[in-house]
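Colleague: Please see the structure below; I have some questions.
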Amino acid sequence: MRMSEGVEWAMHCCLTLAWLGNEVPVSTAKLAAGFELPSAYLNKQLQALAKAGIMTSTPGVRGGFRLARPLEEITVMDVVTAIEGSGEAFQCTEIRRRGAGAERPEWQFRTPCAVSTAMRKAEMAWRRALAAQTLADVQAAADRRAPQAGEAIRRWYAQN
């Protein structure tokens with residue numbers, strides 16, 4: 001499974017909005033320029049975050065996006081689900097019933113196969129790990145790695 005780049009974009013935009021403060025909405029165009037991203041595609045990601053209740057959208061010339069709630073209340077899984085949807089990453093198609101398995105009795109297929117069980121177990125662990133980490137955790141890690149990042153972002157947005 002490959003997650004779309006929209007998840008990365010969405011998470012960076014959430015962090016940027018947090019560093020900028022929540023006083024005024026930030027336009028899609030300005031957020032897109034801050035990362036040199038295509039505005040139309042970024043807007044789709046931001047709208048998905050708004051629909052999920054992660055951001056709020058204000059229409060109009062002075063409109064844009066703000067965080068709907070503090071980073072402490074937004075998990076990484078919330079963002080992934082908003083962008084990618086809630087569907088399961090692994091889709092079992094029961095290929096064990098075809099070819100060499102086509103002649104096996106039906107009772108042998110009543111329980112999920114070992115491949116499906118292993119993949120679902122791994123996916124649940126992945127989802128739990130993403131749900132356990134908030135965007136506040138991610139921002140704290142970013143601040144530790146690049147202590148001046150928030151200030152640099154505030155400065156760039158003030159100048160552009």
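Ligands are numbered from 1 in the order shown, residues from 1 within each chain, and chains are lettered A, B, ... in the order they appear in the structure tokens.
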As an MDAnalysis selection string, list the residues of chain A assigned to alpha helix (DSSP H) by DSSP on the backbone atoms of this structure.
Modeller: chainID A and resid 5:20 28:35 39:51 76:84 114:132 135:145 149:159
Colleague: So that I can see what lies close to segment 64-81 of chain A, please list as a short mmCIF file (atom, residue, chain, number, x, y, z; two decimals) with N, CA and C atoms, in the first residue's frame the residues with an atom at most 6 Å from it, counting only C-alpha atoms and leaving out residues fewer than 2 positions away in the same chain.
Modeller:
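Listing of out-v2.cif after writing:
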```
data_model
loop_
_atom_site.label_atom_id
_atom_site.label_comp_id
_atom_site.auth_asym_id
_atom_site.auth_seq_id
_atom_site.Cartn_x
_atom_site.Cartn_y
_atom_site.Cartn_z
N VAL A 7 -1.57 13.02 2.11
CA VAL A 7 -1.43 12.87 3.56
C VAL A 7 -0.27 13.73 4.05
N ASN A 22 -4.17 30.72 15.07
CA ASN A 22 -5.48 30.45 14.47
C ASN A 22 -6.32 31.71 14.35
N PRO A 25 -7.80 33.11 8.86
CA PRO A 25 -7.69 31.98 7.94
C PRO A 25 -6.55 32.20 6.94
N VAL A 26 -5.96 31.11 6.51
CA VAL A 26 -4.88 31.15 5.53
C VAL A 26 -5.41 30.55 4.24
N SER A 27 -5.22 31.27 3.14
CA SER A 27 -5.77 30.83 1.86
C SER A 27 -5.04 29.60 1.33
N ILE A 54 -11.33 18.60 10.87
CA ILE A 54 -9.96 18.90 11.30
C ILE A 54 -9.66 20.37 11.07
N MET A 55 -10.19 20.91 9.99
CA MET A 55 -10.03 22.33 9.65
C MET A 55 -11.42 22.93 9.46
N THR A 56 -11.45 24.26 9.49
CA THR A 56 -12.66 24.98 9.09
C THR A 56 -12.31 25.78 7.85
N SER A 57 -13.29 25.97 7.01
CA SER A 57 -13.10 26.71 5.77
C SER A 57 -13.95 27.97 5.81
N THR A 58 -13.33 29.10 5.52
CA THR A 58 -14.03 30.38 5.45
C THR A 58 -14.01 30.83 3.99
N ILE A 83 -7.95 11.93 4.37
CA ILE A 83 -7.39 12.00 3.01
C ILE A 83 -7.58 10.68 2.25
N GLU A 84 -7.32 9.58 2.90
CA GLU A 84 -7.32 8.28 2.22
C GLU A 84 -8.64 7.52 2.33
N GLY A 85 -9.48 7.91 3.29
CA GLY A 85 -10.70 7.16 3.54
C GLY A 85 -10.46 6.12 4.62
N SER A 86 -11.52 5.47 5.03
CA SER A 86 -11.41 4.53 6.16
C SER A 86 -11.34 3.07 5.72
N LEU A 130 -0.96 4.98 14.58
CA LEU A 130 -1.31 6.29 14.04
C LEU A 130 -2.34 7.00 14.93
N ALA A 131 -3.26 6.24 15.49
CA ALA A 131 -4.28 6.82 16.37
C ALA A 131 -3.70 7.26 17.71
N GLN A 133 -0.80 8.70 18.11
CA GLN A 133 0.09 9.85 17.92
C GLN A 133 -0.72 11.06 17.45
N THR A 134 -0.64 12.13 18.21
CA THR A 134 -1.35 13.36 17.83
C THR A 134 -0.46 14.25 16.99
N LEU A 135 -1.09 15.22 16.33
CA LEU A 135 -0.28 16.19 15.59
C LEU A 135 0.53 17.07 16.53
N ALA A 136 0.10 17.19 17.79
CA ALA A 136 0.93 17.90 18.79
C ALA A 136 2.23 17.13 19.01
#
```
Colleague: What's the 12 Å shell around Cys92 of chain A, counting only C-alpha atoms, without same-chain residues fewer than 4 positions away, as a ChimeraX atom specification?
Modeller: /A:88,96-97,112-120
Colleague: For Ala89 of chain A, which residue among A:Glu106, A:Gly101, A:Met3, A:Arg155 is the nearest when counting only C-alpha atoms?
Modeller: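 The closest residue to Ala89 of chain A is A:Met3.
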Colleague: What is the distance between atom CA of Glu5 of chain A and atom CA of Thr28 of chain A, in Å to one decimal?
Modeller: 16.5 Å
Colleague: I need the residues in segment 7-146 of chain A that are strand (DSSP E) according to DSSP; give them as a list of chain:residue names.
Modeller: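 Those residues are A:Met55, A:Thr56, A:Ser57, A:Thr58, A:Gly64, A:Phe65, A:Arg66, A:Leu67.
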Colleague: Can I get the selection written as an mmCIF file, in the first residue's frame, with N, CA, C and O atoms?
Modeller:
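What ended up in selection-v3.cif:
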```cif
data_model
loop_
_atom_site.group_PDB
_atom_site.id
_atom_site.type_symbol
_atom_site.label_atom_id
_atom_site.label_comp_id
_atom_site.auth_asym_id
_atom_site.auth_seq_id
_atom_site.Cartn_x
_atom_site.Cartn_y
_atom_site.Cartn_z
ATOM 1 N N MET A 55 -10.187 20.911 9.986
ATOM 2 C CA MET A 55 -10.034 22.328 9.654
ATOM 3 C C MET A 55 -11.418 22.934 9.464
ATOM 4 O O MET A 55 -12.397 22.216 9.291
ATOM 5 N N THR A 56 -11.450 24.258 9.487
ATOM 6 C CA THR A 56 -12.660 24.977 9.087
ATOM 7 C C THR A 56 -12.305 25.782 7.852
ATOM 8 O O THR A 56 -11.161 26.205 7.681
ATOM 9 N N SER A 57 -13.288 25.973 7.011
ATOM 10 C CA SER A 57 -13.097 26.709 5.771
ATOM 11 C C SER A 57 -13.947 27.966 5.814
ATOM 12 O O SER A 57 -15.135 27.906 6.111
ATOM 13 N N THR A 58 -13.326 29.105 5.516
ATOM 14 C CA THR A 58 -14.033 30.376 5.446
ATOM 15 C C THR A 58 -14.014 30.833 3.994
ATOM 16 O O THR A 58 -12.940 31.035 3.433
ATOM 17 N N GLY A 64 -10.174 31.275 3.863
ATOM 18 C CA GLY A 64 -9.092 30.300 3.887
ATOM 19 C C GLY A 64 -9.387 29.224 4.907
ATOM 20 O O GLY A 64 -10.548 28.936 5.204
ATOM 21 N N PHE A 65 -8.344 28.672 5.466
ATOM 22 C CA PHE A 65 -8.472 27.545 6.381
ATOM 23 C C PHE A 65 -7.853 27.854 7.731
ATOM 24 O O PHE A 65 -6.876 28.589 7.822
ATOM 25 N N ARG A 66 -8.450 27.266 8.742
ATOM 26 C CA ARG A 66 -7.945 27.303 10.119
ATOM 27 C C ARG A 66 -8.104 25.902 10.700
ATOM 28 O O ARG A 66 -8.934 25.126 10.228
ATOM 29 N N LEU A 67 -7.379 25.629 11.738
ATOM 30 C CA LEU A 67 -7.586 24.373 12.449
ATOM 31 C C LEU A 67 -8.910 24.444 13.194
ATOM 32 O O LEU A 67 -9.232 25.474 13.796
#
```
Colleague: What's around segment 147-153 of chain A at 10 Å? Count only C-alpha atoms, leave out sequence neighbours fewer than 3 positions away in its own chain, and write the answer as a ChimeraX atom specification.
Modeller: /A:15-20,34,139-144,156-159
Colleague: Kindly give the distance, in Å, that separates atom CA of Ala146 of chain A and atom CA of Gly21 of chain A, rounded to a single decimal.
Modeller: 18.4 Å
Colleague: Counting only C-alpha atoms, which of A:Ala129, A:Cys13, A:Ala82, A:Ala100 gets nearest to Leu37 of chain A?
Modeller: A:Cys13
Colleague: Just how far from atom CA of His12 of chain A is atom CA of Leu46 of chain A, in Å to one decimal?
Modeller: 11.1 Å
Colleague: Choose the residue, out of A:Trp126, A:Glu94, A:Lys121, A:Trp9, that has the smallest atom-to-atom separation from Glu36 of chain A; count only C-alpha atoms.
Modeller: A:Trp9
Colleague: Pick out the closest residue to Gln91 of chain A from this set: A:Glu123, A:Arg145, A:Cys14, A:Thr111. Count only C-alpha atoms.
Modeller: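 Counting only C-alpha atoms, the residue closest to Gln91 of chain A is A:Glu123.
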